[in-house]
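K.L.:
This one is run.txt, compact mmCIF, C-alpha atoms.
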# COMPACT_ATOMS: atom_id res chain seq x y z
CA MET A 26 0.00 0.00 0.00
CA SER A 27 1.40 3.38 -0.95
CA LEU A 28 0.18 6.85 -1.75
CA ILE A 29 1.58 9.52 -4.06
CA VAL A 30 0.94 13.12 -2.96
CA VAL A 31 1.66 15.88 -5.49
CA GLY A 32 1.63 19.59 -4.65
CA SER A 33 3.39 22.56 -3.15
CA MET A 34 5.65 22.69 -0.12
CA ALA A 35 5.98 26.28 0.99
CA TYR A 36 6.23 28.93 3.65
CA ASP A 37 3.35 31.14 4.74
CA ALA A 38 2.84 34.39 6.63
CA ILE A 39 -0.63 34.36 8.18
CA GLU A 40 -2.67 36.93 10.04
CA THR A 41 -6.02 36.13 11.63
CA PRO A 42 -8.12 38.06 14.14
CA PHE A 43 -6.51 35.87 16.82
CA GLY A 44 -2.83 36.07 15.99
CA LYS A 45 -0.08 36.43 13.45
CA THR A 46 2.93 34.48 12.21
CA ASP A 47 5.45 35.78 9.70
CA TRP A 48 7.07 32.46 8.74
CA ILE A 49 5.56 29.00 9.05
CA VAL A 50 5.76 25.91 6.87
CA GLY A 51 2.81 25.34 4.56
CA GLY A 52 1.85 24.14 1.09
CA ALA A 53 -0.86 21.75 -0.06
CA ALA A 54 1.40 18.69 -0.19
CA THR A 55 2.76 19.41 3.29
CA TYR A 56 -0.67 19.53 4.91
CA ALA A 57 -1.92 16.50 2.97
CA ALA A 58 1.15 14.44 3.93
CA TYR A 59 0.88 15.31 7.61
CA ALA A 60 -2.77 14.25 7.63
CA ALA A 61 -2.41 11.11 5.52
CA SER A 62 0.64 9.84 7.43
CA ASN A 63 -1.65 8.98 10.34
CA PHE A 64 -3.25 6.28 8.17
CA ILE A 65 -0.90 5.15 5.43
CA ARG A 66 2.87 4.87 4.89
CA PRO A 67 4.89 5.35 2.81
CA ILE A 68 3.66 8.61 1.36
CA ASN A 69 5.54 9.26 -1.86
CA GLN A 70 5.87 13.03 -2.00
CA VAL A 71 6.28 14.95 -5.27
CA SER A 72 7.08 18.63 -4.87
CA ILE A 73 9.72 21.34 -5.21
CA VAL A 74 11.43 23.50 -2.56
CA GLY A 75 14.16 26.13 -2.44
CA TYR A 76 17.37 26.43 -0.48
CA ASP A 77 15.46 28.03 2.41
CA PHE A 78 13.27 25.02 3.18
CA ALA A 79 14.41 23.91 6.64
CA GLN A 80 16.10 20.53 7.01
CA GLU A 81 14.24 19.94 10.27
CA GLU A 82 10.95 20.11 8.35
CA MET A 83 12.27 17.54 5.88
CA ASP A 84 13.41 15.35 8.77
CA GLU A 85 10.00 15.57 10.45
CA LEU A 86 8.24 14.50 7.27
CA THR A 87 10.70 11.62 6.83
CA ARG A 88 10.07 10.53 10.41
CA ARG A 89 6.38 10.32 9.58
CA GLY A 90 6.96 7.97 6.67
CA VAL A 91 7.07 10.55 3.89
CA ASN A 92 9.42 9.55 1.07
CA LEU A 93 11.10 12.69 -0.28
CA GLU A 94 12.84 11.18 -3.30
CA GLY A 95 10.38 13.02 -5.55
CA VAL A 96 10.98 16.42 -3.91
CA GLU A 97 13.31 18.59 -6.01
CA ILE A 98 15.57 20.99 -4.08
CA VAL A 99 16.60 24.09 -6.04
CA SER A 100 19.82 25.45 -4.62
CA ASP A 101 19.61 29.01 -5.94
CA LYS A 102 15.95 29.93 -5.44
CA LYS A 103 13.58 30.41 -2.53
CA SER A 104 10.59 28.22 -1.75
CA PHE A 105 7.05 29.21 -2.70
CA PHE A 106 5.79 31.88 -0.28
CA TRP A 107 2.24 33.03 0.44
CA SER A 108 0.95 35.67 2.81
CA GLY A 109 -2.69 36.27 3.71
CA ARG A 110 -4.98 38.01 6.18
CA TYR A 111 -8.25 36.45 7.33
CA HIS A 112 -11.39 38.42 8.14
CA MET A 113 -13.39 37.93 11.33
CA ASP A 114 -15.69 35.30 9.76
CA MET A 115 -12.53 33.22 8.94
CA ASN A 116 -14.12 32.20 5.62
CA THR A 117 -12.83 35.18 3.64
CA ARG A 118 -9.26 36.31 3.31
CA ASP A 119 -7.07 38.78 1.46
CA THR A 120 -3.96 37.50 -0.27
CA LEU A 121 -1.16 39.95 0.48
CA VAL A 122 1.82 38.28 -1.20
CA THR A 123 2.26 35.39 -3.62
CA ASP A 124 5.90 34.68 -4.50
CA LEU A 125 5.93 31.60 -6.74
CA ASN A 126 9.75 31.36 -6.64
CA VAL A 127 10.67 27.70 -7.33
CA LEU A 128 7.07 26.83 -8.19
CA THR A 129 7.60 28.46 -11.60
CA ASP A 130 10.11 25.66 -12.31
CA PHE A 131 7.93 22.82 -11.00
CA ASN A 132 8.05 19.88 -13.40
CA PRO A 133 6.87 16.90 -11.35
CA ILE A 134 8.85 13.73 -12.06
CA ILE A 135 7.61 10.40 -10.73
CA PRO A 136 10.63 8.37 -9.51
CA GLU A 137 10.78 4.73 -10.51
CA SER A 138 10.39 3.74 -6.85
CA TYR A 139 6.97 5.46 -6.79
CA GLN A 140 5.62 3.43 -9.72
CA GLY A 141 2.92 0.98 -8.69
CA SER A 142 1.50 3.23 -5.97
CA GLU A 143 -2.17 2.34 -5.61
CA PHE A 144 -3.45 5.78 -4.64
CA VAL A 145 -2.71 9.29 -5.90
CA MET A 146 -3.61 12.70 -4.47
CA LEU A 147 -3.12 15.51 -6.99
CA GLY A 148 -2.88 18.71 -4.98
CA ASN A 149 -3.99 22.06 -6.33
CA VAL A 150 -1.36 22.95 -8.97
CA LEU A 151 -1.48 23.81 -12.67
CA PRO A 152 -3.76 21.24 -14.40
CA SER A 153 -1.13 20.53 -17.08
CA LEU A 154 1.24 19.40 -14.30
CA GLN A 155 -1.46 17.18 -12.80
CA ILE A 156 -2.00 15.66 -16.26
CA SER A 157 1.76 15.07 -16.59
CA VAL A 158 1.78 13.11 -13.32
CA VAL A 159 -1.09 10.85 -14.42
CA GLN A 160 0.57 10.23 -17.79
CA GLN A 161 3.83 9.20 -16.10
CA LEU A 162 2.15 6.42 -14.12
CA LYS A 163 2.90 3.07 -15.76
CA ILE A 164 0.11 1.25 -13.91
CA ARG A 165 -3.28 2.88 -13.46
CA PRO A 166 -3.74 3.48 -9.69
CA LYS A 167 -6.72 2.12 -7.80
CA LEU A 168 -7.92 5.69 -7.17
CA ILE A 169 -6.84 9.14 -8.36
CA VAL A 170 -8.13 12.11 -6.35
CA MET A 171 -7.60 15.71 -7.49
CA ASP A 172 -8.07 19.17 -6.04
CA THR A 173 -8.40 22.34 -8.09
CA MET A 174 -9.51 25.96 -7.77
CA ASN A 175 -11.39 28.73 -9.53
CA PHE A 176 -8.14 30.30 -10.81
CA TRP A 177 -7.60 27.29 -13.08
CA MET A 178 -11.23 27.43 -14.22
CA ASP A 179 -10.57 31.00 -15.34
CA ASN A 180 -7.13 30.44 -16.84
CA ALA A 181 -6.62 26.77 -17.76
CA LEU A 182 -10.11 25.36 -18.43
CA PRO A 183 -9.21 23.17 -21.46
CA ASP A 184 -6.48 21.37 -19.50
CA LEU A 185 -8.74 21.11 -16.48
CA LYS A 186 -11.50 19.48 -18.52
CA LYS A 187 -8.98 17.03 -20.00
CA LEU A 188 -7.75 16.16 -16.51
CA LEU A 189 -11.29 15.54 -15.27
CA THR A 190 -11.57 12.62 -17.74
CA MET A 191 -8.49 11.01 -16.15
CA VAL A 192 -9.39 11.04 -12.43
CA ASP A 193 -11.87 9.31 -10.11
CA VAL A 194 -12.58 11.92 -7.42
CA LEU A 195 -12.75 15.72 -7.62
CA LEU A 196 -12.48 17.90 -4.51
CA VAL A 197 -13.82 21.47 -4.80
CA ASN A 198 -15.61 24.00 -2.64
CA ASP A 199 -19.20 25.07 -3.30
CA SER A 200 -18.38 28.23 -5.28
CA GLU A 201 -15.92 26.28 -7.47
CA ALA A 202 -18.54 23.58 -8.11
CA ARG A 203 -21.02 26.24 -9.22
CA GLN A 204 -18.47 27.93 -11.48
CA LEU A 205 -17.31 24.70 -13.11
CA SER A 206 -20.85 23.42 -13.74
CA GLY A 207 -22.70 26.66 -14.41
CA GLN A 208 -25.38 25.47 -11.96
CA PHE A 209 -26.46 27.12 -8.71
CA SER A 210 -28.01 23.99 -7.20
CA LEU A 211 -25.19 21.82 -5.86
CA VAL A 212 -27.18 18.69 -6.76
CA LYS A 213 -27.42 19.83 -10.38
CA ALA A 214 -23.80 20.98 -10.26
CA ALA A 215 -22.72 17.52 -9.11
CA LYS A 216 -24.56 15.83 -12.00
CA GLU A 217 -22.93 18.14 -14.54
CA ILE A 218 -19.45 17.65 -13.10
CA GLN A 219 -19.80 13.86 -13.01
CA LYS A 220 -20.59 13.99 -16.74
CA MET A 221 -17.14 15.56 -17.17
CA GLY A 222 -15.40 12.43 -15.86
CA PRO A 223 -15.05 11.98 -12.08
CA GLN A 224 -17.22 9.21 -10.65
CA TYR A 225 -17.14 10.86 -7.24
CA LEU A 226 -17.41 14.52 -6.28
CA VAL A 227 -16.67 16.03 -2.88
CA ILE A 228 -17.96 19.57 -2.35
CA LYS A 229 -16.39 21.24 0.68
CA LYS A 230 -18.45 23.88 2.47
CA GLY A 231 -15.97 24.94 5.15
CA GLU A 232 -17.63 25.40 8.52
CA HIS A 233 -20.84 23.97 7.01
CA GLY A 234 -19.45 20.51 6.30
CA ALA A 235 -18.98 18.53 3.08
CA LEU A 236 -21.09 16.72 0.48
CA LEU A 237 -20.21 13.49 -1.32
CA PHE A 238 -21.89 12.67 -4.64
CA HIS A 239 -21.79 9.46 -6.67
CA GLY A 240 -24.44 8.96 -9.34
CA ASP A 241 -27.73 9.62 -7.58
CA GLN A 242 -26.26 8.92 -4.14
CA VAL A 243 -25.60 11.82 -1.80
CA PHE A 244 -23.96 11.92 1.64
CA PHE A 245 -23.60 14.96 3.88
CA ALA A 246 -21.08 15.27 6.70
CA PRO A 247 -21.41 18.23 9.05
CA ALA A 248 -18.47 20.21 10.34
CA LEU A 249 -17.75 19.84 14.03
CA PRO A 250 -18.79 22.98 15.93
CA LEU A 251 -15.48 24.20 17.35
CA GLU A 252 -15.05 26.64 20.20
CA GLU A 253 -11.66 27.78 18.86
CA VAL A 254 -10.90 28.37 15.18
CA PHE A 255 -7.45 29.91 15.10
CA ASP A 256 -6.23 29.56 11.52
CA PRO A 257 -8.09 27.91 8.60
CA THR A 258 -5.01 27.81 6.33
CA GLY A 259 -4.49 24.32 4.93
CA ALA A 260 -7.77 22.93 6.26
CA GLY A 261 -8.91 21.85 2.80
CA ASP A 262 -5.58 20.14 2.06
CA THR A 263 -5.68 18.46 5.47
CA PHE A 264 -9.20 17.25 4.68
CA ALA A 265 -7.88 15.81 1.41
CA GLY A 266 -5.02 14.07 3.21
CA GLY A 267 -7.32 12.50 5.78
CA PHE A 268 -9.78 11.47 3.05
CA ILE A 269 -7.25 9.75 0.80
CA GLY A 270 -5.29 8.43 3.79
CA HIS A 271 -8.30 6.50 5.09
CA ILE A 272 -9.13 5.13 1.65
CA ALA A 273 -5.52 4.05 1.07
CA GLN A 274 -5.41 2.39 4.50
CA THR A 275 -8.60 0.40 3.88
CA ARG A 276 -8.03 -0.10 0.10
CA ASP A 277 -11.81 0.22 -0.26
CA VAL A 278 -13.04 2.65 -2.92
CA SER A 279 -16.76 2.04 -2.40
CA PHE A 280 -19.25 4.85 -1.80
CA GLU A 281 -19.89 3.50 1.72
CA ASN A 282 -16.21 3.71 2.63
CA MET A 283 -15.89 7.16 1.10
CA LYS A 284 -18.60 8.29 3.51
CA THR A 285 -16.28 7.25 6.34
CA ALA A 286 -13.37 8.96 4.56
CA ILE A 287 -15.34 12.22 4.50
CA ILE A 288 -15.73 11.99 8.29
CA VAL A 289 -12.03 11.19 8.73
CA GLY A 290 -11.05 14.11 6.50
CA SER A 291 -13.37 16.44 8.39
CA ALA A 292 -11.91 15.29 11.70
CA MET A 293 -8.36 15.98 10.51
CA ALA A 294 -9.36 19.43 9.21
CA SER A 295 -10.93 20.24 12.57
CA PHE A 296 -7.53 19.72 14.21
CA CYS A 297 -5.73 21.79 11.60
CA VAL A 298 -7.66 25.00 12.36
CA GLU A 299 -6.84 24.92 16.07
CA LYS A 300 -3.32 26.37 15.67
CA PHE A 301 -1.23 28.19 13.08
CA GLY A 302 -0.19 26.20 10.02
CA PRO A 303 0.34 22.46 10.53
CA THR A 304 1.39 22.93 14.18
CA ARG A 305 -1.57 20.99 15.57
CA LEU A 306 -1.14 18.20 13.02
CA LYS A 307 2.36 17.60 14.38
CA GLU A 308 0.99 17.14 17.92
CA ILE A 309 -2.02 14.84 17.61
CA THR A 310 -2.00 11.11 18.35
CA LYS A 311 -4.12 8.21 17.13
CA ARG A 312 -6.08 8.47 20.36
CA ASP A 313 -6.85 12.13 19.60
CA ILE A 314 -7.99 11.27 16.09
CA ASP A 315 -10.18 8.36 17.22
CA GLY A 316 -11.78 10.58 19.85
CA ARG A 317 -12.47 13.34 17.33
CA ILE A 318 -14.02 10.88 14.86
CA ARG A 319 -16.29 9.60 17.65
CA GLN A 320 -17.40 13.20 18.23
CA PHE A 321 -18.44 13.39 14.59
CA VAL A 322 -20.35 10.12 14.85
CA ASP A 323 -22.13 11.33 17.99
CA LEU A 324 -23.00 14.58 16.22
CA VAL A 325 -24.99 12.87 13.48
CA ASN A 326 -26.27 9.71 15.20
CA PHE A 327 -29.84 9.77 16.42
CA ASP A 328 -32.79 7.46 16.92
CA ILE A 329 -36.19 8.47 15.68
CA GLU A 330 -39.55 6.78 15.87
CA LEU A 331 -41.97 7.62 13.09
CA VAL A 332 -45.54 8.09 14.30
Reformat the file's structure so that it appears as structure tokens.

P.N.:
Amino acid sequence: MSLIVVGSMAYDAIETPFGKTDWIVGGAATYAAYAASNFIRPINQVSIVGYDFAQEEMDELTRRGVNLEGVEIVSDKKSFFWSGRYHMDMNTRDTLVTDLNVLTDFNPIIPESYQGSEFVMLGNVLPSLQISVVQQLKIRPKLIVMDTMNFWMDNALPDLKKLLTMVDVLLVNDSEARQLSGQFSLVKAAKEIQKMGPQYLVIKKGEHGALLFHGDQVFFAPALPLEEVFDPTGAGDTFAGGFIGHIAQTRDVSFENMKTAIIVGSAMASFCVEKFGPTRLKEITKRDIDGRIRQFVDLVNFDIELV
């Protein structure tokens, strides 16, 4: 059992109504790997970093079973850097700085040792790069999951549509689902998007939970009401890591198991928001995760007697 995770490894500067940090590790692949490593190892990471990416961060990922053979280190450029400020509702934010740096050179190469991986998580990068990864795989994985964003819908739609025919699961938020489908109703949006290729669609709604669609089947998972939401950065990528991590651990790609994966992903995301960056993800134990998943189960379990 092995999982390929493709995406950015970066540094962030984050400001929320509850605090500020000028330099903390981030990036979609970083968050996804931290989350998934609780369920599946090895994680075969594919990314690119600059000379400034700390060795202790690399060592921590390695300790968690993340294989870094597919991470390119550029000796004369800085790592991708993003800075943002969140508003009081924590759902909206202003991007202050985006320095692509090494990300402009990102040409993901799948090492020979990664071939045969059964599961693939394509983090939110240029669709042509995601396509390149799929085309490099000599054996079709058991499941390919992809994330994308509205920027690519505006600027790389032909490649995005091509990619959608090559994957099994698409992860988007509600506004992205509406934009991609041209439908306001998320049920209608899901039907239109599934016609584009993915058999499964996950629509993330932030603090309002997540929806899973497959054919005419629909599952809704609520978000856990949290007393403290400190920093939502990386929550979506953490969700993705928990989701694919559970599926890779169980090797079960059925709709029923994906329902559980949605809960696992939501539980992991609920940890992520409790501290800046991936700080909380570095602290939690299996006991913490099991307890949080039970909280989700208790939230939605009820007995009812129809009269």

K.L.:
Just to confirm, what's the straight-line distance from atom CA of Gly259 of chain A to atom CA of Met115 of chain A in Å (one decimal)?

P.N.:
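Taking atom CA of Gly259 of chain A as the start and atom CA of Met115 of chain A as the end point, the length is 12.6 Å.
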
K.L.:
Counting only C-alpha atoms, which residues sit no farther than 12 Å from the position (-20.7, 28.4, -9.1) in the file's frame? I'd like them as a PyMOL selection string.

P.N.:
chain A and resi 174-175+178+197-215+217-218+228

K.L.:
Kindly assemble as CSV a list of the segment 141-221 of chain A residues that lie within 10 Å of segment 49-69 of chain A, each paired with its nearest atom pair and their distance in Å to one decimal, using only C-alpha atoms, sorted first by chain and then by ascending residue number.

P.N.:
residue,atom,partner,partner_atom,distance
A:Ser142,CA,A:Asn69,CA,8.3
A:Phe144,CA,A:Ile68,CA,9.7
A:Val145,CA,A:Asn69,CA,9.2
A:Met146,CA,A:Ala57,CA,8.5
A:Leu147,CA,A:Ala54,CA,8.8
A:Gly148,CA,A:Ala53,CA,6.1
A:Asn149,CA,A:Ala53,CA,7.0
A:Val150,CA,A:Ala53,CA,9.0
A:Asp172,CA,A:Ala53,CA,9.7

K.L.:
For Thr258 of chain A, work out the shell of residues within 10 Å, counting only C-alpha atoms and skipping chain neighbours fewer than 2 positions away, then give it as a list in words.

P.N.:
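Those residues are Asp37, Ile39, Thr41, Gly51, Gly52, Ala53, Tyr56, Gly109, Tyr111, Met115, Arg118, Phe255, Asp256, Ala260, Gly261, Asp262, Thr263, Ala294, Cys297, Val298, Lys300, Phe301, Gly302 and Pro303 of chain A.
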
K.L.:
Choose the residue, out of A:Ser27, A:Gln224, A:Asn180, A:Gln219, that has the smallest atom-to-atom separation from Asp193 of chain A; count only C-alpha atoms.

P.N.:
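Among A:Ser27, A:Gln224, A:Asn180, A:Gln219, it is A:Gln224 that comes nearest to Asp193 of chain A.
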
K.L.:
Quote the spacing between atom CA of Val243 of chain A and atom CA of Lys230 of chain A in Å to one decimal place.

P.N.:
14.7 Å

K.L.:
Nearest to Ala273 of chain A: which of A:Asp47, A:Glu94, A:Glu143, A:Asp179 is it, counting only C-alpha atoms?

P.N.:
A:Glu143

K.L.:
Which is closer to Thr310 of chain A than all the others in A:Met293, A:Ile29, A:Leu86, A:Val322, using only C-alpha atoms?

P.N.:
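For Thr310 of chain A, the nearest of the given residues is A:Met293.
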
K.L.:
Which one of A:Val99, A:Ile73, A:Met283, A:Leu249 sits closest to Ile269 of chain A if you count only C-alpha atoms?

P.N.:
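Closest residue, counting only C-alpha atoms: A:Met283.
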
K.L.:
Find, counting all atoms listed in the file, the residue in A:Asn126, A:Asn92, A:Ser157, A:Thr46 that gets nearest to Arg110 of chain A.

P.N.:
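Counting all atoms listed in the file, the residue closest to Arg110 of chain A is A:Thr46.
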
K.L.:
State, in Å with one decimal place, the distance from atom CA of Ala286 of chain A to atom CA of His271 of chain A.

P.N.:
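One can read the atom CA of Ala286 of chain A to atom CA of His271 of chain A distance as 5.7 Å.
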
K.L.:
Looking at all atoms listed in the file, which of A:Ile318, A:Leu151, A:Val96, A:Ala292 is the one that sits closest to Leu182 of chain A?

P.N.:
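Answer, going by the shortest atom-to-atom distance: A:Leu151.
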
K.L.:
Taking all atoms of segment 265-268 of chain A that appear in the file, build a box with edges along x, y and z, extend it by 6 Å on every side, and state its centre and edge lengths in Å to one decimal, as AutoDock Vina command-line options.

P.N.:
--center_x -7.4 --center_y 13.6 --center_z 3.6 --size_x 16.8 --size_y 16.3 --size_z 16.4

K.L.:
For a quick check of your reading of the model, name the residues lying within 7 Å of the coordinate (12.7, 23.9, -0.2), counting all atoms listed in the file, and write them as a ChimeraX atom specification.

P.N.:
/A:73-78,98,103-104

K.L.:
Could you pull the residues within 9 Å of Val227 of chain A, counting all atoms listed in the file, minus those fewer than 4 positions along the same chain, as a list in words?

P.N.:
Val194, Leu195, Leu196, Val197, Asn198, Ala215, Ala235, Leu236, Leu237, Phe238 and Ile287 of chain A

K.L.:
Please rebuild segment 274-284 of chain A with all heavy atoms and return the result as a CSV table (one decimal), in the frame of the given file.

P.N.:
chain,number,residue,atom,x,y,z
A,274,GLN,N,-5.6,3.3,3.4
A,274,GLN,CA,-5.4,2.4,4.5
A,274,GLN,C,-6.3,1.2,4.4
A,274,GLN,O,-5.9,0.0,4.6
A,274,GLN,CB,-5.7,3.1,5.8
A,274,GLN,CG,-5.5,2.2,7.0
A,274,GLN,CD,-6.0,2.9,8.3
A,274,GLN,OE1,-7.0,3.5,8.4
A,274,GLN,NE2,-5.1,2.8,9.3
A,275,THR,N,-7.6,1.5,4.0
A,275,THR,CA,-8.6,0.4,3.9
A,275,THR,C,-8.6,-0.3,2.5
A,275,THR,O,-9.2,-1.4,2.4
A,275,THR,CB,-10.0,1.0,4.2
A,275,THR,OG1,-10.3,2.1,3.2
A,275,THR,CG2,-10.1,1.5,5.6
A,276,ARG,N,-8.0,0.4,1.5
A,276,ARG,CA,-8.0,-0.1,0.1
A,276,ARG,C,-9.4,-0.4,-0.4
A,276,ARG,O,-9.7,-1.2,-1.3
A,276,ARG,CB,-7.2,-1.3,0.0
A,276,ARG,CG,-5.7,-1.1,0.4
A,276,ARG,CD,-4.8,-2.3,0.2
A,276,ARG,NE,-4.5,-2.6,-1.2
A,276,ARG,CZ,-4.9,-3.7,-1.9
A,276,ARG,NH1,-5.6,-4.6,-1.3
A,276,ARG,NH2,-4.6,-3.8,-3.1
A,277,ASP,N,-10.4,0.4,0.1
A,277,ASP,CA,-11.8,0.2,-0.3
A,277,ASP,C,-12.3,1.5,-0.9
A,277,ASP,O,-12.4,2.6,-0.3
A,277,ASP,CB,-12.6,-0.1,1.0
A,277,ASP,CG,-14.1,-0.3,0.8
A,277,ASP,OD1,-14.6,0.0,-0.3
A,277,ASP,OD2,-14.8,-0.6,1.8
A,278,VAL,N,-12.6,1.4,-2.2
A,278,VAL,CA,-13.0,2.6,-2.9
A,278,VAL,C,-14.6,2.7,-3.1
A,278,VAL,O,-15.0,3.4,-4.0
A,278,VAL,CB,-12.3,2.8,-4.3
A,278,VAL,CG1,-10.8,2.9,-4.1
A,278,VAL,CG2,-12.6,1.6,-5.2
A,279,SER,N,-15.3,2.0,-2.3
A,279,SER,CA,-16.8,2.0,-2.4
A,279,SER,C,-17.3,3.4,-1.9
A,279,SER,O,-16.7,4.1,-1.1
A,279,SER,CB,-17.4,0.9,-1.6
A,279,SER,OG,-17.2,1.1,-0.2
A,280,PHE,N,-18.6,3.6,-2.3
A,280,PHE,CA,-19.2,4.8,-1.8
A,280,PHE,C,-19.4,4.8,-0.3
A,280,PHE,O,-19.2,5.8,0.4
A,280,PHE,CB,-20.6,5.0,-2.5
A,280,PHE,CG,-21.4,6.2,-2.0
A,280,PHE,CD1,-21.1,7.4,-2.6
A,280,PHE,CD2,-22.4,6.1,-1.1
A,280,PHE,CE1,-21.8,8.6,-2.2
A,280,PHE,CE2,-23.2,7.2,-0.7
A,280,PHE,CZ,-22.9,8.4,-1.3
A,281,GLU,N,-19.7,3.6,0.3
A,281,GLU,CA,-19.9,3.5,1.7
A,281,GLU,C,-18.6,3.9,2.5
A,281,GLU,O,-18.6,4.6,3.5
A,281,GLU,CB,-20.3,2.1,2.1
A,281,GLU,CG,-21.8,1.8,1.7
A,281,GLU,CD,-22.7,2.7,2.4
A,281,GLU,OE1,-22.6,2.9,3.7
A,281,GLU,OE2,-23.6,3.3,1.8
A,282,ASN,N,-17.5,3.4,2.0
A,282,ASN,CA,-16.2,3.7,2.6
A,282,ASN,C,-15.8,5.2,2.4
A,282,ASN,O,-15.2,5.8,3.3
A,282,ASN,CB,-15.1,2.8,2.1
A,282,ASN,CG,-13.9,2.9,3.0
A,282,ASN,OD1,-14.0,2.8,4.2
A,282,ASN,ND2,-12.7,3.1,2.4
A,283,MET,N,-16.2,5.7,1.3
A,283,MET,CA,-15.9,7.2,1.1
A,283,MET,C,-16.7,8.0,2.1
A,283,MET,O,-16.2,9.1,2.5
A,283,MET,CB,-16.2,7.6,-0.3
A,283,MET,CG,-15.1,7.1,-1.3
A,283,MET,SD,-15.2,8.0,-2.9
A,283,MET,CE,-14.1,6.9,-3.8
A,284,LYS,N,-17.8,7.6,2.5
A,284,LYS,CA,-18.6,8.3,3.5
A,284,LYS,C,-17.8,8.4,4.8
A,284,LYS,O,-17.7,9.4,5.4
A,284,LYS,CB,-19.9,7.6,3.8
A,284,LYS,CG,-20.9,7.8,2.6
A,284,LYS,CD,-22.0,6.7,2.6
A,284,LYS,CE,-23.0,6.8,3.8
A,284,LYS,NZ,-24.1,5.9,3.7
